[in-house]
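Below: one structure, written as structure tokens.
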Amino acid sequence: MALGATAALSASLLVSSPVQADDEPVEQITNGDFGDGTTGWWATEGIDLAVTDDGVLCVDVPGGTGDPWDQIIGQNDVPLVAGESYAFSFTASGADGRPVRALIQEPVDPWRTQLDERPVLAEEEARHEYVFTASTDMADAQVAFQIGGADEDWTFCLDDVSLLGGAEPPVYEPDTGPRVRVNQVGYLPQGPKNATVVTDAEEALPWELADADGTVVAEGLTVPHGLDASSDQNVHTIDFGALTQVGEGYTLTADGETSHPFDVSSDLYGALATDALEFYYTQRSGIEILDEIAPGYGREAGHVGVAPNQGDTEVTCHPSSPCDYALDVSGGWYDAGDHGKYVVNGGISVHQLMSVYERAHTAPTGDPARVADSTLAVPERDNDVPDVLDEARWQMEFLMSMQVPEGEELAGMAHHKVHDERWTGLPLMPADDPQPRYLHPPSTAATLNLAASAAQCSRVFAPYDADFAADCLESAETAWEAAVAEPERHATGGGEGGGPYDDTDVTDEFYWAAAELYLATGDEVYEEAVTSSELHTGDVFSEYGFGWQSTGALGRLQLATLPSALADRDRVRDSVVEGAEQYVRAVEEHPYGIAYAPENGEFVWGSNSQVVNNLVVVATAYDITGDTRLRDAVVEGMDYVLGRNALNQSYVTGYGTNDSVNQHSRWYANQLDPSLPNPPAGTLAGGPNSDASTWDPVAQANLAGCAPQFCYIDHIDSWATNELTINWNAPLAWVAGFLADQ
């Protein structure tokens, strides 16, 4: 029996203990104490059920299996009632540090789960207890303990399995730490320094700033702001910008609370700028990740066709839209925490990495040395090519490989994506993925992403590899012609196993691609495409910000910052400054300094990426004008990302006292398997999502009715709030690089 798993799994409370209702609950498990031998229990082939003289079920689990679901002990026909809360408990022991997977789920495909927990065993028996609320009536739910996936043989023991209704419904209470919220990494000596205090007080409160020795070095009064709608909190703010003395371990105290410690340093963002870029090496597909380059993250090459992996070296089209060719689409970056690779998301991501290079060479405060050769931990160091471009090339070669070959129908267009036939469970290393992989139909959006990024590629690689630059330009112009011929071939779905990345309005992609091609060639055809676009004079800087589905701003930013003979370039530059103003006002007016203020107050999926992309716009406006007010807005805007928020949460792994570490991933899966790492330092979590309670089960169980800033949970199965993606880390790297240059 092969028990599969969807991308989102856990529906149980993260911190809870069962509380019984007044009425005696009915036991839903048959023979949970094994007093009647193995009655009611089953096991997969290779496991012999046996009960010891002490009445404990102990089984010998064979090693050498790839996945947890390769070996299972279970019980079927367990009844559940929708809306009822249950306490599920059991006693277990086994190999020390060995994770197992405890499930209550559908007994058939697609195995939708009501509870999914990963207890870690010890040699001594221990009690495990969880509470969940059933989302649907089920007369035949399945209890399953998935115990496969170990390299060596081991013994699993189980006793006193219980499932009781009438439990107190789980209530999630996030630990928000001290009520004084700061940038947990720190502040620049000459930059703005602001903090937020959560308090019921209506009048100004005294505050003190102390150094690491506890000596008070500054003091003042808070500024009351009243109720903040984004957090549903009454808040005050603190401005301690007068402090310029560098130092470590500063703390702020107000209203009887002391903040997490922070530094004041001119070198706060150099390491983050590097780490955010080095994230991409461990996201690479088709290459062994070397531990000597990325310590703790070494793994076998994924999707190169070594069993059980079916590989990306000869991938044909999805059966729903067949073709008579196969492509070698190995390489590139895994898009997020799954094994899919997407051209639309990949296009904006590689663009922003190449823009890190471009800004360093064109902006007044840019530092080319910071992005030179041998500045990143990548295999291509010391090849006389900037490392950020080496990393970008790994993705660009994949994007170009997704182009439909000459002579085929839709030649020159780009396939929208490539991914598994079905969703895989967590954890699962890329090399162990057994699923068939398919190309999904070409789309105009993907084709224009290829045209835009490949045109940019032709410019940035010209000084280092003229042949590759020429290949990029040829691919870009071919893609443009194909998109012009098929302007409305939209991706509207995509089936199971990968995100749809649907987009039915590609006027923005046409504008971006035309801008990149014009900047690469100066050709009148592309100039006409730029100037005739309604987006050229329209407002491309929305209240939500730009992203993979809204790329018009990318064209505007490029036209504003890169040299060209565009007749209205001055107007374009002015429009960027004007567009940045709304984000600057948001930072200045919001008590948490957030560069994000949609009119409806809702935070969208991946809201952290919207915040940092808005900061890209503000930073670009600073590069154009040199106005320090704009620079200061970028500096303060990063405070939110690094801990000055309602949850007191740094959303970047490895940065801050309370950092996100359990982002949704199949191989950075330490929360599920202690032998695996957390995501590497410098990884940005998606962040609060106002619609989270309608998506993954963890969010459904814990975030219902959340105020926007509270719609986040640092749990690996909360893919709606805690995913990692290549297009979220790209603007983080860009903004961190900008700040490092200041």
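Within each chain, counting starts at residue 1; across the structure tokens, chains are named A, B, ... in the order shown, with ligands numbered 1 upward in that order.
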
Open item on the list: Give me, as a ChimeraX atom specification, all polymer residues having an atom no more than 9 Å from segment 235-246 of chain A, counting only C-alpha atoms and skipping those fewer than 2 positions away in the same chain.
Closed with: /A:188-202,204-205,207,209,217-228,233,248,263-266,591-592

Could you turn the residues from that selection into a file that holds C-alpha atoms, as an mmCIF file, in the first residue's frame?
```
data_model
loop_
_atom_site.group_PDB
_atom_site.id
_atom_site.type_symbol
_atom_site.label_atom_id
_atom_site.label_comp_id
_atom_site.auth_asym_id
_atom_site.auth_seq_id
_atom_site.Cartn_x
_atom_site.Cartn_y
_atom_site.Cartn_z
ATOM 1 C CA LEU A 188 23.434 51.602 10.725
ATOM 2 C CA PRO A 189 25.298 54.297 12.713
ATOM 3 C CA GLN A 190 24.122 57.185 10.531
ATOM 4 C CA GLY A 191 20.783 55.669 9.583
ATOM 5 C CA PRO A 192 17.300 55.873 11.108
ATOM 6 C CA LYS A 193 16.689 53.888 14.292
ATOM 7 C CA ASN A 194 13.123 53.114 15.216
ATOM 8 C CA ALA A 195 11.343 50.596 17.413
ATOM 9 C CA THR A 196 7.725 49.734 18.231
ATOM 10 C CA VAL A 197 6.219 49.111 21.662
ATOM 11 C CA VAL A 198 3.035 47.102 22.144
ATOM 12 C CA THR A 199 1.221 48.607 25.133
ATOM 13 C CA ASP A 200 -2.238 49.475 26.423
ATOM 14 C CA ALA A 201 -0.947 52.841 27.608
ATOM 15 C CA GLU A 202 -2.478 55.862 25.909
ATOM 16 C CA ALA A 204 3.765 58.628 26.206
ATOM 17 C CA LEU A 205 6.036 56.308 28.158
ATOM 18 C CA TRP A 207 12.240 54.549 27.346
ATOM 19 C CA LEU A 209 18.600 52.495 25.622
ATOM 20 C CA VAL A 217 23.255 55.650 26.872
ATOM 21 C CA ALA A 218 20.031 57.341 25.725
ATOM 22 C CA GLU A 219 16.502 57.936 26.941
ATOM 23 C CA GLY A 220 13.311 59.657 25.919
ATOM 24 C CA LEU A 221 9.549 59.299 25.544
ATOM 25 C CA THR A 222 7.568 57.022 23.249
ATOM 26 C CA VAL A 223 5.138 58.416 20.672
ATOM 27 C CA PRO A 224 1.640 56.885 20.980
ATOM 28 C CA HIS A 225 0.061 55.764 17.705
ATOM 29 C CA GLY A 226 -3.139 54.084 18.888
ATOM 30 C CA LEU A 227 -4.605 50.975 17.253
ATOM 31 C CA ASP A 228 -2.637 49.501 14.358
ATOM 32 C CA GLN A 233 -2.473 46.135 18.629
ATOM 33 C CA GLU A 248 27.022 45.162 20.094
ATOM 34 C CA ASP A 263 23.995 45.926 17.140
ATOM 35 C CA VAL A 264 24.837 49.334 15.762
ATOM 36 C CA SER A 265 27.354 48.740 12.981
ATOM 37 C CA SER A 266 28.298 49.985 9.540
ATOM 38 C CA PRO A 591 4.059 52.316 13.359
ATOM 39 C CA TYR A 592 5.998 49.206 12.290
#
```

Open item on the list: Using only C-alpha atoms, which protein or nucleic acid residues come within 12 Å of Glu45 of chain A? Drop anything in the same chain fewer than 6 positions from it, and give the result as a list in words.
Closed with: Met1, Ala2, Asp60, Val61, Pro62, Trp69, Asp70, Gln71, Ile72, Ile73 and Gly148 of chain A

TODO: Would you list the contacts of Gly94 of chain A as a list in words, taking every protein, DNA or RNA residue within 9 Å and counting only C-alpha atoms, but skipping same-chain residues closer than 4 positions in sequence?
DONE: Arg98, Leu121, Ala122, Glu123, Glu124, Glu125, Trp154, Thr155, Phe156 and Cys157 of chain A

TODO: Give me, please, the distance in Å between atom CA of Gly606 of chain A and atom CA of Arg422 of chain A, quoted to one decimal.
DONE: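 That distance, rounded to one decimal, is 23.5 Å.
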
- [ ] Go through A:Ala431, A:Gln558, A:Thr683, A:Ser533 and flag the residue nearest Val306 of chain A, using only C-alpha atoms for the distances.
- [x]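 Selected residue with least distance to Val306 of chain A: A:Ala431.
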
Output as JSON lines one row per residue of segment 270-366 of chain A within 12 Å of segment 435-441 of chain A: the closest atom pair and its distance in Å to one decimal place, counting only C-alpha atoms, sorted by chain and residue number ascending.
```
{"residue": "A:His303", "atom": "CA", "partner": "A:Arg437", "partner_atom": "CA", "distance": 9.3}
{"residue": "A:Val304", "atom": "CA", "partner": "A:Arg437", "partner_atom": "CA", "distance": 11.6}
{"residue": "A:Gly305", "atom": "CA", "partner": "A:Pro436", "partner_atom": "CA", "distance": 10.6}
{"residue": "A:Ala307", "atom": "CA", "partner": "A:Gln435", "partner_atom": "CA", "distance": 10.7}
{"residue": "A:Pro308", "atom": "CA", "partner": "A:Gln435", "partner_atom": "CA", "distance": 8.5}
{"residue": "A:Asn309", "atom": "CA", "partner": "A:Gln435", "partner_atom": "CA", "distance": 7.2}
{"residue": "A:Gln310", "atom": "CA", "partner": "A:Pro436", "partner_atom": "CA", "distance": 6.1}
{"residue": "A:Gly311", "atom": "CA", "partner": "A:Arg437", "partner_atom": "CA", "distance": 7.5}
{"residue": "A:Asp312", "atom": "CA", "partner": "A:Arg437", "partner_atom": "CA", "distance": 7.2}
{"residue": "A:Thr313", "atom": "CA", "partner": "A:Arg437", "partner_atom": "CA", "distance": 10.2}
{"residue": "A:Glu314", "atom": "CA", "partner": "A:Arg437", "partner_atom": "CA", "distance": 9.4}
{"residue": "A:Val315", "atom": "CA", "partner": "A:Tyr438", "partner_atom": "CA", "distance": 5.8}
{"residue": "A:Thr316", "atom": "CA", "partner": "A:Tyr438", "partner_atom": "CA", "distance": 5.7}
{"residue": "A:Cys317", "atom": "CA", "partner": "A:Leu439", "partner_atom": "CA", "distance": 4.5}
{"residue": "A:His318", "atom": "CA", "partner": "A:Tyr438", "partner_atom": "CA", "distance": 4.9}
{"residue": "A:Pro319", "atom": "CA", "partner": "A:Tyr438", "partner_atom": "CA", "distance": 8.2}
{"residue": "A:Ser320", "atom": "CA", "partner": "A:His440", "partner_atom": "CA", "distance": 8.8}
{"residue": "A:Ser321", "atom": "CA", "partner": "A:Pro441", "partner_atom": "CA", "distance": 6.6}
{"residue": "A:Pro322", "atom": "CA", "partner": "A:Pro441", "partner_atom": "CA", "distance": 8.7}
{"residue": "A:Cys323", "atom": "CA", "partner": "A:Pro441", "partner_atom": "CA", "distance": 9.4}
{"residue": "A:Asp324", "atom": "CA", "partner": "A:Leu439", "partner_atom": "CA", "distance": 11.9}
{"residue": "A:Tyr325", "atom": "CA", "partner": "A:Leu439", "partner_atom": "CA", "distance": 10.4}
{"residue": "A:Ala326", "atom": "CA", "partner": "A:Leu439", "partner_atom": "CA", "distance": 8.7}
{"residue": "A:Leu327", "atom": "CA", "partner": "A:Leu439", "partner_atom": "CA", "distance": 8.5}
{"residue": "A:Asp328", "atom": "CA", "partner": "A:Leu439", "partner_atom": "CA", "distance": 10.5}
{"residue": "A:Val329", "atom": "CA", "partner": "A:Leu439", "partner_atom": "CA", "distance": 9.1}
{"residue": "A:Ser330", "atom": "CA", "partner": "A:Arg437", "partner_atom": "CA", "distance": 11.3}
{"residue": "A:His339", "atom": "CA", "partner": "A:Arg437", "partner_atom": "CA", "distance": 9.8}
{"residue": "A:Gly340", "atom": "CA", "partner": "A:Arg437", "partner_atom": "CA", "distance": 9.1}
{"residue": "A:Lys341", "atom": "CA", "partner": "A:Leu439", "partner_atom": "CA", "distance": 9.9}
{"residue": "A:Tyr342", "atom": "CA", "partner": "A:His440", "partner_atom": "CA", "distance": 9.7}
{"residue": "A:Val343", "atom": "CA", "partner": "A:His440", "partner_atom": "CA", "distance": 10.6}
```

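Contact shell of Ala619 of chain A at 9 Å (only C-alpha atoms; same-chain neighbours under 3 positions omitted): A:Ala580, A:Asn614, A:Leu615, A:Val616, A:Tyr622, A:Asp623, A:Ile624, A:Leu630, A:Arg631, A:Ala633, A:Val634, A:Val735, A:Phe738, A:Leu739.
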
- [ ] Determine which residues of segment 342-387 of chain A receive a DSSP assignment of helix (DSSP H, G or I), computed from the backbone, and state them as an MDAnalysis selection string.
- [x] chainID A and resid 343:362 368:371 387

Task: Which of segment 286-435 of chain A fall in strand (DSSP E), as a PyMOL selection string - done: chain A and resi 315-316+326-327+341-342+414-415+417-420

Let me see the file: selected residues, N, CA and C atoms, as a PDB file, in the first residue's frame.
```pdb
ATOM      1  N   VAL A 315      12.921  14.920 -21.118  1.00  0.00           N
ATOM      2  CA  VAL A 315      11.568  15.114 -20.601  1.00  0.00           C
ATOM      3  C   VAL A 315      10.640  15.442 -21.760  1.00  0.00           C
ATOM      4  N   THR A 316       9.539  14.742 -21.822  1.00  0.00           N
ATOM      5  CA  THR A 316       8.559  14.992 -22.871  1.00  0.00           C
ATOM      6  C   THR A 316       7.365  15.740 -22.299  1.00  0.00           C
ATOM      7  N   ALA A 326      11.411  15.390 -26.921  1.00  0.00           N
ATOM      8  CA  ALA A 326      11.808  15.445 -25.513  1.00  0.00           C
ATOM      9  C   ALA A 326      12.973  16.419 -25.404  1.00  0.00           C
ATOM     10  N   LEU A 327      13.052  17.111 -24.269  1.00  0.00           N
ATOM     11  CA  LEU A 327      14.090  18.109 -24.064  1.00  0.00           C
ATOM     12  C   LEU A 327      14.962  17.751 -22.861  1.00  0.00           C
ATOM     13  N   LYS A 341      10.350  23.335 -11.463  1.00  0.00           N
ATOM     14  CA  LYS A 341      11.121  24.432 -12.045  1.00  0.00           C
ATOM     15  C   LYS A 341      10.196  25.174 -13.011  1.00  0.00           C
ATOM     16  N   TYR A 342      10.100  26.487 -12.842  1.00  0.00           N
ATOM     17  CA  TYR A 342       9.096  27.278 -13.531  1.00  0.00           C
ATOM     18  C   TYR A 342       9.766  28.436 -14.264  1.00  0.00           C
ATOM     19  N   ALA A 414       8.441  29.195 -24.968  1.00  0.00           N
ATOM     20  CA  ALA A 414       9.023  28.491 -23.831  1.00  0.00           C
ATOM     21  C   ALA A 414       7.943  27.705 -23.115  1.00  0.00           C
ATOM     22  N   HIS A 415       8.269  26.462 -22.778  1.00  0.00           N
ATOM     23  CA  HIS A 415       7.368  25.682 -21.936  1.00  0.00           C
ATOM     24  C   HIS A 415       7.212  26.388 -20.598  1.00  0.00           C
ATOM     25  N   LYS A 417       6.594  25.265 -17.565  1.00  0.00           N
ATOM     26  CA  LYS A 417       7.195  24.695 -16.361  1.00  0.00           C
ATOM     27  C   LYS A 417       7.505  23.222 -16.597  1.00  0.00           C
ATOM     28  N   VAL A 418       8.275  22.651 -15.672  1.00  0.00           N
ATOM     29  CA  VAL A 418       8.543  21.221 -15.635  1.00  0.00           C
ATOM     30  C   VAL A 418       8.493  20.800 -14.171  1.00  0.00           C
ATOM     31  N   HIS A 419       7.721  19.733 -13.910  1.00  0.00           N
ATOM     32  CA  HIS A 419       7.671  19.245 -12.527  1.00  0.00           C
ATOM     33  C   HIS A 419       7.098  17.840 -12.488  1.00  0.00           C
ATOM     34  N   ASP A 420       7.001  17.302 -11.274  1.00  0.00           N
ATOM     35  CA  ASP A 420       6.551  15.932 -11.068  1.00  0.00           C
ATOM     36  C   ASP A 420       5.094  15.743 -11.488  1.00  0.00           C
TER      37      ASP A 420
END
```

Skip Val540 of chain A itself and residues of its chain fewer than 5 positions away, then list as a tab-separated table (two decimals) with N, CA and C atoms, in the first residue's frame all residues within 8 Å of it, counting only C-alpha atoms.
```tsv
chain	number	residue	atom	x	y	z
A	535	LEU	N	1.66	50.73	-20.79
A	535	LEU	CA	2.36	50.72	-19.50
A	535	LEU	C	3.51	51.72	-19.46
A	552	GLY	N	5.58	44.73	-15.07
A	552	GLY	CA	5.76	46.01	-15.75
A	552	GLY	C	6.78	46.90	-15.06
A	553	ALA	N	6.82	46.86	-13.74
A	553	ALA	CA	7.77	47.70	-13.00
A	553	ALA	C	9.22	47.35	-13.35
A	556	ARG	N	10.23	49.35	-16.31
A	556	ARG	CA	10.39	50.76	-15.96
A	556	ARG	C	11.70	50.99	-15.21
A	579	GLY	N	6.65	56.94	-8.24
A	579	GLY	CA	6.09	55.66	-7.81
A	579	GLY	C	6.61	55.22	-6.46
```

Considering only C-alpha atoms, tabulate each residue of segment 399-483 of chain A that lies at most 10 Å from segment 351-372 of chain A along with its nearest interatomic pair and the corresponding distance in Å to one decimal; arrange the rows by chain and ascending residue number and present them as a Markdown table.
```
| residue | atom | partner | partner_atom | distance |
| --- | --- | --- | --- | --- |
| A:Asn449 | CA | A:His351 | CA | 9.1 |
| A:Leu450 | CA | A:His351 | CA | 9.9 |
| A:Ala452 | CA | A:His351 | CA | 8.1 |
| A:Ser453 | CA | A:His351 | CA | 5.5 |
| A:Ala454 | CA | A:His351 | CA | 8.8 |
| A:Ala455 | CA | A:His351 | CA | 9.9 |
| A:Gln456 | CA | A:His351 | CA | 7.4 |
| A:Cys457 | CA | A:Met354 | CA | 7.5 |
| A:Arg459 | CA | A:Glu358 | CA | 9.6 |
| A:Val460 | CA | A:Met354 | CA | 7.3 |
| A:Phe461 | CA | A:Met354 | CA | 9.6 |
```

Task: Straight-line distance linking atom CA of Ala740 of chain A with atom CA of Val635 of chain A, stated in Å to one decimal - done: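 A separation of 10.4 Å between them.
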
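In this comparison, which uses only C-alpha atoms, the residue of A:Gln663, A:Gly601, A:Leu290, A:Gly186 approaching Asp232 of chain A most closely is A:Gly601.
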
TODO: Name the residues in contact with Val611 of chain A at a cut-off of 6 Å, using only C-alpha atoms, excluding same-chain residues fewer than 2 positions from it; report them as a VMD selection string.
DONE: chain A and resid 595 to 596 608 to 609 613 to 614

Open item on the list: Which residues are near Met413 of chain A? Cut-off 12 Å, only C-alpha atoms, ignore same chain within fewer than 4 positions. Put them as a ChimeraX atom specification.
Closed with: /A:343,399-409,440-451,475-487,489-490

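Checking A:Glu534, A:Glu588, A:Glu524, A:Glu509 one by one against Val344 of chain A, counting only C-alpha atoms, you find the shortest gap at A:Glu509.
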